[in-house]
Structures are given as C-alpha cells and as structure tokens.
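Just my_file02.pdb here, PDB, C-alpha atoms and all ligand atoms:
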ATOM      1  CA  MET A   1      94.884 123.666 125.604
ATOM      2  CA  THR A   2      97.694 125.181 127.615
ATOM      3  CA  LYS A   3      99.379 128.158 125.918
ATOM      4  CA  CYS A   4     102.146 129.643 128.053
ATOM      5  CA  LEU A   5     104.026 132.922 128.052
ATOM      6  CA  VAL A   6     107.351 133.017 129.898
ATOM      7  CA  ILE A   7     108.369 136.587 130.794
ATOM      8  CA  GLY A   8     112.109 136.752 131.506
ATOM      9  CA  ALA A   9     112.854 133.656 129.412
ATOM     10  CA  CYS A  10     116.535 134.510 128.855
ATOM     11  CA  GLY A  11     117.361 134.457 132.584
ATOM     12  CA  GLN A  12     118.862 131.627 134.648
ATOM     13  CA  LEU A  13     115.485 130.027 135.459
ATOM     14  CA  GLY A  14     113.702 131.274 132.326
ATOM     15  CA  ILE A  15     115.871 129.288 129.906
ATOM     16  CA  GLU A  16     115.366 126.039 131.798
ATOM     17  CA  LEU A  17     111.681 126.560 132.531
ATOM     18  CA  THR A  18     111.027 127.374 128.865
ATOM     19  CA  ALA A  19     112.763 124.112 127.895
ATOM     20  CA  GLY A  20     110.757 122.157 130.504
ATOM     21  CA  LEU A  21     107.453 123.669 129.391
ATOM     22  CA  ARG A  22     108.227 123.074 125.707
ATOM     23  CA  ALA A  23     109.125 119.446 126.419
ATOM     24  CA  LYS A  24     105.784 119.042 128.180
ATOM     25  CA  TYR A  25     103.331 121.066 126.091
ATOM     26  CA  GLY A  26     105.080 121.297 122.697
ATOM     27  CA  HIS A  27     107.371 123.985 121.305
ATOM     28  CA  THR A  28     104.676 126.096 119.652
ATOM     29  CA  GLN A  29     102.621 126.180 122.878
ATOM     30  CA  VAL A  30     105.246 128.143 124.827
ATOM     31  CA  ILE A  31     106.027 131.760 123.945
ATOM     32  CA  ALA A  32     109.401 132.796 125.333
ATOM     33  CA  SER A  33     109.830 136.534 125.931
ATOM     34  CA  ASP A  34     112.448 138.821 127.351
ATOM     35  CA  ILE A  35     113.573 142.442 127.212
ATOM     36  CA  HIS A  36     116.744 141.055 125.583
ATOM     37  CA  PRO A  37     116.745 139.399 122.147
ATOM     38  CA  ALA A  38     116.311 135.619 121.963
ATOM     39  CA  LYS A  39     119.321 133.557 122.924
ATOM     40  CA  GLU A  40     120.256 129.921 122.532
ATOM     41  CA  GLY A  41     117.782 127.803 124.421
ATOM     42  CA  THR A  42     114.813 130.050 123.624
ATOM     43  CA  GLN A  43     114.968 129.935 119.838
ATOM     44  CA  ASN A  44     113.312 126.559 119.268
ATOM     45  CA  GLY A  45     109.813 128.070 119.511
ATOM     46  CA  PRO A  46     108.035 131.440 119.366
ATOM     47  CA  PHE A  47     109.889 134.393 120.921
ATOM     48  CA  GLU A  48     108.778 137.978 121.593
ATOM     49  CA  VAL A  49     110.916 140.890 122.760
ATOM     50  CA  LEU A  50     108.826 142.191 125.675
ATOM     51  CA  ASP A  51     109.233 144.835 128.364
ATOM     52  CA  ALA A  52     107.485 143.575 131.521
ATOM     53  CA  MET A  53     106.938 147.225 132.581
ATOM     54  CA  ASP A  54     104.693 147.811 129.538
ATOM     55  CA  PHE A  55     101.135 146.637 130.291
ATOM     56  CA  GLY A  56      99.940 147.265 126.715
ATOM     57  CA  ALA A  57     102.791 145.234 125.242
ATOM     58  CA  ILE A  58     102.098 142.242 127.528
ATOM     59  CA  LYS A  59      98.385 142.427 126.654
ATOM     60  CA  ARG A  60      99.152 142.481 122.909
ATOM     61  CA  VAL A  61     101.411 139.401 123.179
ATOM     62  CA  VAL A  62      98.842 137.555 125.329
ATOM     63  CA  GLU A  63      96.055 138.308 122.838
ATOM     64  CA  LYS A  64      98.164 137.595 119.756
ATOM     65  CA  HIS A  65      99.121 134.105 120.990
ATOM     66  CA  GLU A  66      95.923 133.390 122.978
ATOM     67  CA  VAL A  67      97.985 132.795 126.107
ATOM     68  CA  ASN A  68      96.224 131.316 129.145
ATOM     69  CA  VAL A  69      99.181 130.745 131.510
ATOM     70  CA  ILE A  70     101.808 133.408 132.322
ATOM     71  CA  TYR A  71     105.085 132.585 134.081
ATOM     72  CA  HIS A  72     106.349 135.997 135.152
ATOM     73  CA  LEU A  73     110.013 135.606 136.118
ATOM     74  CA  ALA A  74     111.527 139.016 135.305
ATOM     75  CA  ALA A  75     113.005 140.627 138.450
ATOM     76  CA  ILE A  76     116.079 142.351 139.858
ATOM     77  CA  LEU A  77     117.618 140.053 142.488
ATOM     78  CA  SER A  78     118.984 140.716 145.985
ATOM     79  CA  ALA A  79     122.578 141.856 145.442
ATOM     80  CA  LYS A  80     121.944 143.837 142.250
ATOM     81  CA  GLY A  81     118.845 145.458 143.771
ATOM     82  CA  GLU A  82     120.971 147.062 146.482
ATOM     83  CA  ALA A  83     122.895 149.049 143.829
ATOM     84  CA  ASN A  84     119.672 150.665 142.608
ATOM     85  CA  PRO A  85     116.846 150.139 145.113
ATOM     86  CA  ILE A  86     114.222 152.339 143.437
ATOM     87  CA  MET A  87     114.759 150.743 140.045
ATOM     88  CA  ALA A  88     114.494 147.270 141.636
ATOM     89  CA  TRP A  89     111.276 148.212 143.444
ATOM     90  CA  ASP A  90     109.771 149.728 140.257
ATOM     91  CA  LEU A  91     110.563 146.751 138.072
ATOM     92  CA  ASN A  92     109.629 144.077 140.588
ATOM     93  CA  MET A  93     106.310 145.685 141.600
ATOM     94  CA  THR A  94     105.092 147.268 138.346
ATOM     95  CA  SER A  95     105.686 144.132 136.312
ATOM     96  CA  LEU A  96     103.838 141.976 138.866
ATOM     97  CA  LEU A  97     100.878 144.381 138.982
ATOM     98  CA  ASN A  98     100.804 144.361 135.168
ATOM     99  CA  VAL A  99     100.261 140.607 134.980
ATOM    100  CA  LEU A 100      97.869 140.570 137.948
ATOM    101  CA  ASN A 101      95.749 143.315 136.330
ATOM    102  CA  LEU A 102      95.703 141.424 133.049
ATOM    103  CA  ALA A 103      94.437 138.311 134.857
ATOM    104  CA  LYS A 104      91.928 140.390 136.811
ATOM    105  CA  ASP A 105      90.345 141.438 133.495
ATOM    106  CA  ASN A 106      90.487 137.865 132.165
ATOM    107  CA  ASN A 107      90.023 135.196 134.835
ATOM    108  CA  ASP A 108      90.919 132.431 132.320
ATOM    109  CA  ILE A 109      94.569 133.470 132.645
ATOM    110  CA  GLN A 110      96.579 131.652 135.307
ATOM    111  CA  ILE A 111      99.694 133.327 136.748
ATOM    112  CA  PHE A 112     102.927 131.954 138.211
ATOM    113  CA  TRP A 113     105.092 134.465 140.047
ATOM    114  CA  PRO A 114     108.160 133.504 142.087
ATOM    115  CA  SER A 115     108.802 134.725 145.596
ATOM    116  CA  SER A 116     112.020 133.936 147.459
ATOM    117  CA  ILE A 117     113.642 133.106 150.787
ATOM    118  CA  ALA A 118     114.587 136.813 150.663
ATOM    119  CA  VAL A 119     111.184 137.577 152.260
ATOM    120  CA  PHE A 120     112.678 136.442 155.575
ATOM    121  CA  GLY A 121     114.906 138.579 157.791
ATOM    122  CA  SER A 122     117.055 138.785 160.892
ATOM    123  CA  LEU A 123     114.109 138.193 163.288
ATOM    124  CA  THR A 124     112.883 135.110 161.404
ATOM    125  CA  PRO A 125     113.598 131.693 162.993
ATOM    126  CA  LYS A 126     116.794 130.507 161.276
ATOM    127  CA  ASP A 127     116.325 126.741 161.174
ATOM    128  CA  ALA A 128     113.416 124.936 159.546
ATOM    129  CA  THR A 129     111.829 128.349 158.980
ATOM    130  CA  PRO A 130     108.040 127.897 159.026
ATOM    131  CA  GLN A 131     105.562 129.143 156.431
ATOM    132  CA  ASN A 132     104.177 131.797 158.776
ATOM    133  CA  CYS A 133     106.548 133.672 161.066
ATOM    134  CA  VAL A 134     108.156 137.081 161.589
ATOM    135  CA  MET A 135     109.305 138.498 158.262
ATOM    136  CA  ASN A 136     111.549 141.572 158.228
ATOM    137  CA  PRO A 137     113.446 141.516 154.909
ATOM    138  CA  ASN A 138     116.400 143.911 154.711
ATOM    139  CA  THR A 139     116.925 144.076 150.947
ATOM    140  CA  VAL A 140     114.747 145.935 148.463
ATOM    141  CA  TYR A 141     114.405 142.630 146.608
ATOM    142  CA  GLY A 142     113.070 140.929 149.754
ATOM    143  CA  ILE A 143     110.752 143.861 150.489
ATOM    144  CA  SER A 144     109.382 143.722 146.938
ATOM    145  CA  LYS A 145     108.862 139.947 147.177
ATOM    146  CA  LEU A 146     107.024 140.239 150.494
ATOM    147  CA  ALA A 147     104.825 143.054 149.131
ATOM    148  CA  GLY A 148     104.301 140.975 145.978
ATOM    149  CA  GLU A 149     103.088 138.031 148.042
ATOM    150  CA  ARG A 150     100.499 140.255 149.700
ATOM    151  CA  TRP A 151      99.352 141.545 146.291
ATOM    152  CA  CYS A 152      98.993 137.971 144.985
ATOM    153  CA  GLU A 153      96.800 136.955 147.906
ATOM    154  CA  TYR A 154      94.792 140.187 147.553
ATOM    155  CA  TYR A 155      94.123 139.663 143.825
ATOM    156  CA  ASN A 156      93.121 136.057 144.486
ATOM    157  CA  GLU A 157      90.715 136.958 147.300
ATOM    158  CA  LYS A 158      89.224 140.142 145.799
ATOM    159  CA  TYR A 159      89.196 139.326 142.088
ATOM    160  CA  GLY A 160      89.472 135.521 141.867
ATOM    161  CA  VAL A 161      92.849 135.636 140.074
ATOM    162  CA  ASP A 162      94.368 132.137 139.939
ATOM    163  CA  VAL A 163      97.885 133.167 140.949
ATOM    164  CA  ARG A 164     100.324 130.613 142.369
ATOM    165  CA  SER A 165     103.740 131.131 143.865
ATOM    166  CA  VAL A 166     106.670 129.490 145.642
ATOM    167  CA  ARG A 167     109.475 130.979 147.716
ATOM    168  CA  TYR A 168     112.482 129.718 145.795
ATOM    169  CA  PRO A 169     115.676 129.002 147.680
ATOM    170  CA  GLY A 170     118.987 129.686 145.842
ATOM    171  CA  LEU A 171     118.650 128.033 142.427
ATOM    172  CA  ILE A 172     121.639 126.173 141.052
ATOM    173  CA  GLY A 173     121.958 125.272 137.408
ATOM    174  CA  TYR A 174     124.786 125.429 134.901
ATOM    175  CA  LYS A 175     123.117 126.158 131.574
ATOM    176  CA  THR A 176     122.990 129.922 132.109
ATOM    177  CA  LEU A 177     124.862 132.085 134.594
ATOM    178  CA  PRO A 178     122.666 133.756 137.212
ATOM    179  CA  GLY A 179     122.916 137.512 137.670
ATOM    180  CA  GLY A 180     122.810 139.651 140.773
ATOM    181  CA  GLY A 181     121.883 137.146 143.493
ATOM    182  CA  THR A 182     123.462 136.352 146.864
ATOM    183  CA  THR A 183     123.257 132.590 146.327
ATOM    184  CA  ASP A 184     125.072 132.864 142.946
ATOM    185  CA  TYR A 185     128.362 131.699 144.517
ATOM    186  CA  ALA A 186     127.043 128.131 144.324
ATOM    187  CA  VAL A 187     126.936 128.413 140.519
ATOM    188  CA  ASP A 188     130.046 130.601 140.009
ATOM    189  CA  ILE A 189     132.255 128.077 141.822
ATOM    190  CA  PHE A 190     131.625 125.402 139.163
ATOM    191  CA  TYR A 191     132.594 127.733 136.289
ATOM    192  CA  LYS A 192     135.858 128.696 137.995
ATOM    193  CA  VAL A 193     137.034 125.282 139.163
ATOM    194  CA  LEU A 194     136.149 123.648 135.863
ATOM    195  CA  GLN A 195     138.340 126.206 134.123
ATOM    196  CA  GLY A 196     141.220 125.329 136.426
ATOM    197  CA  GLU A 197     140.983 128.533 138.502
ATOM    198  CA  THR A 198     140.786 128.986 142.293
ATOM    199  CA  TYR A 199     137.298 130.163 143.252
ATOM    200  CA  GLU A 200     137.230 133.234 145.539
ATOM    201  CA  CYS A 201     133.995 132.898 147.516
ATOM    202  CA  PHE A 202     132.132 136.099 148.483
ATOM    203  CA  LEU A 203     130.407 134.387 151.438
ATOM    204  CA  GLU A 204     131.929 132.970 154.639
ATOM    205  CA  LYS A 205     132.785 129.318 154.583
ATOM    206  CA  ASP A 206     130.201 128.217 157.157
ATOM    207  CA  CYS A 207     127.285 130.282 155.852
ATOM    208  CA  TYR A 208     124.355 127.875 155.440
ATOM    209  CA  LEU A 209     121.628 128.731 152.925
ATOM    210  CA  PRO A 210     118.626 126.858 151.486
ATOM    211  CA  MET A 211     119.354 125.769 147.898
ATOM    212  CA  MET A 212     117.788 123.742 145.078
ATOM    213  CA  TYR A 213     118.981 122.179 141.834
ATOM    214  CA  MET A 214     117.374 123.683 138.739
ATOM    215  CA  ASP A 215     115.617 120.474 137.620
ATOM    216  CA  ASP A 216     113.806 120.369 140.952
ATOM    217  CA  ALA A 217     112.871 124.061 140.634
ATOM    218  CA  VAL A 218     111.419 123.519 137.151
ATOM    219  CA  LYS A 219     109.494 120.484 138.412
ATOM    220  CA  ALA A 220     108.093 122.411 141.409
ATOM    221  CA  THR A 221     107.010 125.263 139.142
ATOM    222  CA  ILE A 222     105.169 123.032 136.683
ATOM    223  CA  ASP A 223     103.719 120.866 139.486
ATOM    224  CA  ILE A 224     102.157 123.781 141.376
ATOM    225  CA  MET A 225     100.678 125.160 138.149
ATOM    226  CA  GLU A 226      99.195 121.796 137.201
ATOM    227  CA  ALA A 227      97.779 121.053 140.653
ATOM    228  CA  ASP A 228      94.029 121.091 141.079
ATOM    229  CA  LYS A 229      92.828 124.602 141.957
ATOM    230  CA  THR A 230      91.223 123.389 145.195
ATOM    231  CA  SER A 231      94.526 121.974 146.471
ATOM    232  CA  ILE A 232      96.240 125.384 146.383
ATOM    233  CA  LYS A 233      95.454 126.653 149.866
ATOM    234  CA  ILE A 234      98.143 129.345 150.071
ATOM    235  CA  ARG A 235      97.778 132.214 147.622
ATOM    236  CA  SER A 236     100.619 134.374 148.898
ATOM    237  CA  SER A 237     103.557 131.979 148.336
ATOM    238  CA  TYR A 238     104.563 128.490 149.481
ATOM    239  CA  ASN A 239     107.773 127.721 151.381
ATOM    240  CA  LEU A 240     109.791 125.346 149.165
ATOM    241  CA  ALA A 241     112.882 123.385 150.183
ATOM    242  CA  ALA A 242     115.345 120.825 148.895
ATOM    243  CA  ILE A 243     118.887 121.008 150.333
ATOM    244  CA  SER A 244     120.878 123.312 152.613
ATOM    245  CA  PHE A 245     124.655 123.622 152.625
ATOM    246  CA  SER A 246     127.544 125.982 153.325
ATOM    247  CA  PRO A 247     130.288 126.987 150.857
ATOM    248  CA  THR A 248     132.695 124.554 152.583
ATOM    249  CA  GLU A 249     130.277 121.657 152.283
ATOM    250  CA  LEU A 250     129.735 122.424 148.613
ATOM    251  CA  TYR A 251     133.478 122.742 148.030
ATOM    252  CA  ASN A 252     134.196 119.434 149.849
ATOM    253  CA  GLU A 253     131.676 117.625 147.661
ATOM    254  CA  ILE A 254     133.149 119.174 144.497
ATOM    255  CA  LYS A 255     136.668 118.243 145.651
ATOM    256  CA  LYS A 256     135.590 114.601 146.070
ATOM    257  CA  GLN A 257     134.586 114.553 142.427
ATOM    258  CA  LEU A 258     137.168 116.988 140.998
ATOM    259  CA  SER A 259     140.424 116.809 142.910
ATOM    260  CA  GLU A 260     141.923 119.930 141.230
ATOM    261  CA  ALA A 261     139.247 122.220 142.755
ATOM    262  CA  GLU A 262     140.546 125.053 144.997
ATOM    263  CA  ILE A 263     138.687 127.726 147.005
ATOM    264  CA  SER A 264     139.548 130.859 149.007
ATOM    265  CA  TYR A 265     137.226 133.117 151.016
ATOM    266  CA  ASN A 266     136.785 136.888 150.773
ATOM    267  CA  PRO A 267     133.302 137.818 152.072
ATOM    268  CA  ASP A 268     131.801 141.106 150.805
ATOM    269  CA  PHE A 269     128.516 143.036 151.288
ATOM    270  CA  ARG A 270     126.528 139.951 150.262
ATOM    271  CA  GLN A 271     127.457 138.263 153.559
ATOM    272  CA  ALA A 272     125.114 140.627 155.448
ATOM    273  CA  ILE A 273     122.281 139.689 153.083
ATOM    274  CA  ALA A 274     122.989 135.960 153.529
ATOM    275  CA  ASP A 275     123.168 136.414 157.330
ATOM    276  CA  SER A 276     119.591 137.691 157.335
ATOM    277  CA  TRP A 277     118.254 134.639 155.481
ATOM    278  CA  PRO A 278     117.316 131.217 156.922
ATOM    279  CA  ASN A 279     119.675 128.238 157.137
ATOM    280  CA  SER A 280     116.896 125.862 156.171
ATOM    281  CA  ILE A 281     113.190 125.928 155.313
ATOM    282  CA  ALA A 282     110.194 123.836 156.437
ATOM    283  CA  ASP A 283     107.976 123.222 153.422
ATOM    284  CA  ASP A 284     105.310 120.893 154.891
ATOM    285  CA  GLU A 285     102.429 122.808 153.264
ATOM    286  CA  ALA A 286     103.820 122.397 149.715
ATOM    287  CA  ARG A 287     104.412 118.680 150.332
ATOM    288  CA  LYS A 288     100.927 118.205 151.792
ATOM    289  CA  ASP A 289      98.836 120.448 149.489
ATOM    290  CA  TRP A 290     100.256 119.676 146.035
ATOM    291  CA  GLY A 291     102.625 116.763 146.603
ATOM    292  CA  TRP A 292     105.992 118.544 146.332
ATOM    293  CA  GLU A 293     109.051 116.245 146.474
ATOM    294  CA  HIS A 294     112.633 117.049 145.529
ATOM    295  CA  SER A 295     114.985 114.553 143.873
ATOM    296  CA  PHE A 296     118.458 116.107 144.018
ATOM    297  CA  ASP A 297     120.676 115.868 147.096
ATOM    298  CA  LEU A 298     124.101 117.532 147.231
ATOM    299  CA  PRO A 299     126.247 114.701 145.729
ATOM    300  CA  LYS A 300     123.781 114.063 142.905
ATOM    301  CA  MET A 301     123.578 117.761 142.066
ATOM    302  CA  VAL A 302     127.357 118.234 142.074
ATOM    303  CA  SER A 303     127.902 115.231 139.830
ATOM    304  CA  GLU A 304     125.254 116.415 137.309
ATOM    305  CA  ILE A 305     126.734 119.904 137.143
ATOM    306  CA  ILE A 306     130.347 118.757 136.798
ATOM    307  CA  GLN A 307     129.472 116.398 133.979
ATOM    308  CA  GLY A 308     127.119 118.780 132.168
ATOM    309  CA  LEU A 309     129.247 121.902 132.527
ATOM    310  CA  SER A 310     132.475 120.096 131.554
ATOM    311  CA  LYS A 311     130.829 119.189 128.261
ATOM    312  CA  GLN A 312     129.465 122.702 127.829
ATOM    313  CA  LEU A 313     132.886 124.288 128.468
ATOM    314  CA  GLY A 314     134.625 121.645 126.357
ATOM    315  CA  ASN A 315     137.364 121.248 128.983
ATOM    316  CA  ASN A 316     139.464 118.172 129.579
ATOM    317  CA  LEU A 317     139.827 118.169 133.371
ATOM    318  CA  SER A 318     139.484 114.709 134.880
ATOM    319  CA  TYR A 319     136.743 114.146 137.396
ATOM    320  CA  ASN A 320     136.178 111.116 139.560
ATOM    321  CA  LYS A 321     132.615 110.108 138.659
TER     322      LYS A 321
HETATM  323  C1  LIG B 401     119.159 135.803 145.333
HETATM  324  O1  LIG B 401     120.211 135.344 145.837
HETATM  325  O2  LIG B 401     118.863 136.998 145.321
HETATM  326  C2  LIG B 401     118.168 134.823 144.750
HETATM  327  C3  LIG B 401     117.124 134.433 145.724
HETATM  328  C4  LIG B 401     117.464 133.628 146.909
HETATM  329  O3  LIG B 401     115.991 134.763 145.549
HETATM  330  N1  LIG B 401     118.851 133.663 144.266
END
For this file, produce the structure as structure tokens.
Amino acid sequence: MTKCLVIGACGQLGIELTAGLRAKYGHTQVIASDIHPAKEGTQNGPFEVLDAMDFGAIKRVVEKHEVNVIYHLAAILSAKGEANPIMAWDLNMTSLLNVLNLAKDNNDIQIFWPSSIAVFGSLTPKDATPQNCVMNPNTVYGISKLAGERWCEYYNEKYGVDVRSVRYPGLIGYKTLPGGGTTDYAVDIFYKVLQGETYECFLEKDCYLPMMYMDDAVKATIDIMEADKTSIKIRSSYNLAAISFSPTELYNEIKKQLSEAEISYNPDFRQAIADSWPNSIADDEARKDWGWEHSFDLPKMVSEIIQGLSKQLGNNLSYNK
C-alpha cells in the first residue's frame, strides 16, 4: 500500500501534488507536511509541521505514518536564492541529503526530488537542449540542483536508493502563488490582469523559456513514481518538456481571451538568470523510458487559468471563452 509524505506541501507545486496524490491513493494515505502550518488545500488529510533540515523529525514522521514514498519539494528557488546564497545552498542540499540518508537506511522508501532547467547555463545549447550537455548554472539554486542530481545518482548506484527526478520547466498554476522563481511572471500576469491591473513584466518581451501547466507537472510526477523500476534508466534527473513561450506570446494569448489585459515591460536582475536558461528542452528519454506525454498547449492552459482564477478571485471581468 502506498503511503506518501509530501515535504513542502504548502508551496505552489506541493498543494496541487498533495491534491493529486490524495485523489489517487485516498486522503489518509498522503501526509502533507511543511515548515508552515497547514493551509487550505492541505487540510483534508493528515498534516505535520516539519522542518526538512531536521533529519530526526523527518524520520519520526516517516515511522509514525509508515511512509514508503517521499516527495521532497521544499527548496529555495532561483531568484530568492540569489538574495541569500548560503541559506539556499544549506536548505537545498541538507534537506535532500536527509531524505536520501533515510532511504539509504530503509531501501523500501522511494524518493521523488525535483531538479530544474536551472541546472543549465550560458554554455548549454539553447534550443531543444539535450539530456546530456555542458551545464554551467550561474545561480546558487541551479548549482544546488546540479549537485543534487549527482547525489541522487550516487545514492542510487552506491546504496540502491530508488530515487527518481525530473528537471521541471517553469510551472504555471493558479491555485497558489509561486515564490521566488524567475518563471513566476507567467503566473503573476494572470493575477494582475484578472484584477483589472496592467501587468509590469520583469522579463524582456521576447525571452523564451520552457514552461508547463501544473496538471501536466502533477501527472509527470506521479507517472515517473509509478513507472516500473527497470524503466527508470536515468537516476540523476530527466529532461521534461511541454511548451515554450515568451512573455509577448503569453500576453497575446491572454488578450485573445481577455480583451482588457494590458502589459508593460521593466526587466530586472531576473533577466540575467532567464538569459542563462534554455529556450526549449528535448525530453526524448522521458517519453521513451516511462511514456511521458503532456496535454496542455498554450491556448488550453490560458483558458483553464482564466476560468479557474476568475472564479477563485470572484471577479466579474468578461472573457471570450
Ligand atoms: C524558478 O524560476 O526558479 C523555478 C525553476 C525553473 O526551477 N520555477
């Protein structure tokens, strides 16, 4: 019987992954945990306040609930990490080593840990970036993700830990605001335009980045964890792709569906981070090894978010779909 622990369940992905796992395995089978108290979306099942830096605390929660699958999502992202690099490194690495060491002592525990397109850098091929290529990340977040990937492969090879990982592109959902990422503009814009405000974009208008709608991200995460062990050939982290677009392309699609939407551009320090990341990703290995397929293209994603977020915000703007 699958018994999951989600670490970082109150974050942008955590809330939606917890909901997806509970829908699949049952509410009591998924323990949500976070350093912050439970919030809406995590309260319909067990919840533990948990510091991912505290090995003993994770072990106690795992033993108490007889957990056999850990989704470890807690991390400091790219833009926020630059404000406090040492803290970002400490959190991102110590928490990963905590769950890997737990699984090393108990090989029945399976681990999911997310990597990111932030592992790539200025010397990486920009278009259709392959799984294996030059990687020279220039953020502490990217450095920690690349080091984390090496640790995952090491623990799998040396100790047999069943750890699985994907390199998420920018994740776009509307249920919870993201915090501290460079791709967050693609979520922020919806909140602003649906409240009748002009969105001031912190990236340049033609800056292409790999992105993915949250439902696809949740599906990819559950799919890789459910795949047969023998089909997982990459134990560092899989390239994962869905759509790529620039702020202008996103804005134009929103404008088609919500004619009031307005945007202006005022790039800041996050532009340099975005410039070092790929435009698009080749994810052939994920598609071949464990059958990855995405479902959301840009128009479908925009329409879902406008409809869902309008309801959530209770606004009465008219949209065209
Ligand atoms: C960020 O922008 O830092 C994240 C990521 C791409 O991992 N969304």
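From CA of Thr94 (chain A) back to CA of Asp51 (chain A), the distance works out to 11.1 Å.
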Exercise for the section: Residues within 7 Å of ligand LIG 401 (chain B) should be enumerated using all atoms listed in the file and returned as a ChimeraX atom specification. Expected result: /A:77-79,116-118,168-171,180-184
Where is the centre and how long are the edges: axis-aligned box on region 275-282 of chain A, 8 Å on each side, Å to one decimal, as lines of an AutoDock Vina configuration file:
center_x = 116.7
center_y = 130.8
center_z = 156.3
size_x = 29.0
size_y = 29.9
size_z = 18.0
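Proximity ranking of A:Gly14, A:Gly291, A:Pro178, A:Pro278 relative to Ala227 (chain A) places A:Gly291 first, based on all atoms listed in the file.
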Problem - Residue members of the PyMOL selection byres (((chain A and resi 164) around 12) and not hetatm) in the file shown, as a count of residues only - result: 47
Handout entry: Shell around Cys10 (chain A) at 8 Å using all atoms listed in the file, local window under 2 positions removed, as a list of chain:residue names
Key = A:Gly8, A:Gln12, A:Gly14, A:Ile15, A:Ser33, A:Asp34, A:His36, A:Ala38, A:Lys39, A:Thr42
Put those residues in a file: C-alpha atoms, as a PDB file, in the frame of the given file.
ATOM      1  CA  GLY A   8     112.109 136.752 131.506  1.00  0.00           C
ATOM      2  CA  GLN A  12     118.862 131.627 134.648  1.00  0.00           C
ATOM      3  CA  GLY A  14     113.702 131.274 132.326  1.00  0.00           C
ATOM      4  CA  ILE A  15     115.871 129.288 129.906  1.00  0.00           C
ATOM      5  CA  SER A  33     109.830 136.534 125.931  1.00  0.00           C
ATOM      6  CA  ASP A  34     112.448 138.821 127.351  1.00  0.00           C
ATOM      7  CA  HIS A  36     116.744 141.055 125.583  1.00  0.00           C
ATOM      8  CA  ALA A  38     116.311 135.619 121.963  1.00  0.00           C
ATOM      9  CA  LYS A  39     119.321 133.557 122.924  1.00  0.00           C
ATOM     10  CA  THR A  42     114.813 130.050 123.624  1.00  0.00           C
TER      11      THR A  42
END
